[in-house]
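Novice: Pasting in a structure now, in structure tokens, and then I'll have a few things to ask.
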Amino acid sequence: MTAGEIESCPDCGFVWDHVLINDVPRRLELGTRSFVELLAQDDAVVSVRPSFDRWSIAEYAGHVRDVLLTVRERMIAATIADRPTGLPIFREERVALGYYRLDTPMELAVELQAASGLLVKTVRSIPSGLETRTMNYGFPSPMERPVTWVAAQGVHELEHHLGDAEKNVLLRSSGLA
Ligand SMILES: [Zn+2]
């Protein structure tokens with residue numbers, strides 16, 4: 001990205017700067033509702049990887065749950081500490097080491113709603129004036145980001161992987177997986 005260029009996700013087109021902080025709760029709630037509906041499908045759809053290079057819907061949900069919890073912690077830390085640096089989430093390692101092995105679709109639905117609800121409450125509770133404080137954020141490239149951007153990143157992760165989960169359903173129904 002060069003100076004003056006608007007930053008967007010190369011995969012889903014999400015533009016962080018287009019998400020206003022006041023709109024974050026509504027988008028988190030909408031995305032979570034859609035994800036929970038996908039988790040209510042047959043286990044064969046939810047828990048099976050459609051191809052070797054994609055996660056299952058359950059794994060995407062587990063990842064988003066963990067990201068939303070992490071985003072909440074990072075936002076709170078950034079309003080208190082001076083420019084903290086978030087630890088990586090180790091997304092691939094969590095799956096590879098089996099930390100999502102015991103997740104059932106029903107539990108994931110509950111946990112995803114809880115994680116999303118916690119982030120919504122956090123966004124609504126940021127003390128006035130602290131939303132411009134910053135932290136070092138490693139994704140998509142290491143940069144100093146304001147708390148408002150970190151909140152938008154929560155929306156991005158949810159909507160991006162909701163798209164992945166919806167694609168899994170399409171691949172399966174079209175017989176491609
Ligand atoms: Zn994206």
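Letters A, B, ... go to the chains of the structure tokens in the order shown; residues in each chain start at 1; ligands are counted from 1 in the same order.
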List every residue of chain A that has an atom at most 7 Å from any atom of ligand 1, giving for each one its closest atom pair and the distance in Å to one decimal, counting only C-alpha atoms and all ligand atoms, sorted by chain and then by ascending residue number, as CSV.
Specialist:
```
residue,atom,partner,partner_atom_place_in_ligand_line,distance
A:Cys9,CA,ligand 1,1 (Zn),4.5
A:Pro10,CA,ligand 1,1 (Zn),6.7
A:Asp11,CA,ligand 1,1 (Zn),5.1
A:Cys12,CA,ligand 1,1 (Zn),4.1
A:Gly13,CA,ligand 1,1 (Zn),6.0
A:Phe14,CA,ligand 1,1 (Zn),5.4
A:His156,CA,ligand 1,1 (Zn),6.0
A:Glu157,CA,ligand 1,1 (Zn),6.7
A:His160,CA,ligand 1,1 (Zn),4.5
```
Novice: To test your reading of the structure, identify every residue in stretch 25-165 of chain A that backbone DSSP assigns to helix (DSSP H, G or I), and report it as a VMD selection string.
Specialist: chain A and resid 25 to 39 43 to 46 57 to 80 91 to 96 105 to 125 147 to 165
Novice: Using only C-alpha atoms, find the one residue out of A:Glu5, A:Glu159, A:Glu131, A:Glu111 that sits nearest to A:Ile76.
Specialist: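 Among A:Glu5, A:Glu159, A:Glu131, A:Glu111, it is A:Glu131 that comes nearest to A:Ile76.
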Novice: Skip stretch 163-173 of chain A itself and residues of its chain fewer than 4 positions away, then list as a PyMOL selection string all residues within 7 Å of it, counting only C-alpha atoms.
Specialist: chain A and resi 50+57+60+159+177
Novice: Compare A:Gly86, A:Gly62, A:Pro140, A:Gly129 by their minimum atom-to-atom distance to A:Glu7, counting only C-alpha atoms, and give me the closest one.
Specialist: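 The closest residue to A:Glu7 is A:Pro140.
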Novice: Give me, as a PyMOL selection string, all polymer residues having an atom no more than 10 Å from A:Gln153, counting only C-alpha atoms and skipping those fewer than 4 positions away in the same chain.
Specialist: chain A and resi 14-16+19+24+67-68+71+139-140+147-149+157-159
Novice: Using Å and a single decimal, report how far atom CA of A:Leu118 sits from atom CA of A:Ala58.
Specialist: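 Atom CA of A:Leu118 lies 20.2 Å from atom CA of A:Ala58.
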Novice: Write out as a ChimeraX atom specification all residues of chain A that backbone DSSP assigns to strand (DSSP E or B).
Specialist: /A:8,15,85,134-137,143-146
Novice: Measure the distance from atom CA of A:Tyr100 to atom CA of A:Leu119 in Å and round it to one decimal.
Specialist: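 Atom-to-atom, atom CA of A:Tyr100 to atom CA of A:Leu119, that is 21.0 Å.
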Novice: Hey, can you check how far atom CA of A:Pro105 sits from atom CA of A:Arg49?
Specialist: 13.9 Å
Novice: My list of candidates is A:Glu59, A:Glu93, A:Glu144, A:Asp17. Which is closest to A:Leu39 when distances are computed with only C-alpha atoms?
Specialist: A:Glu59
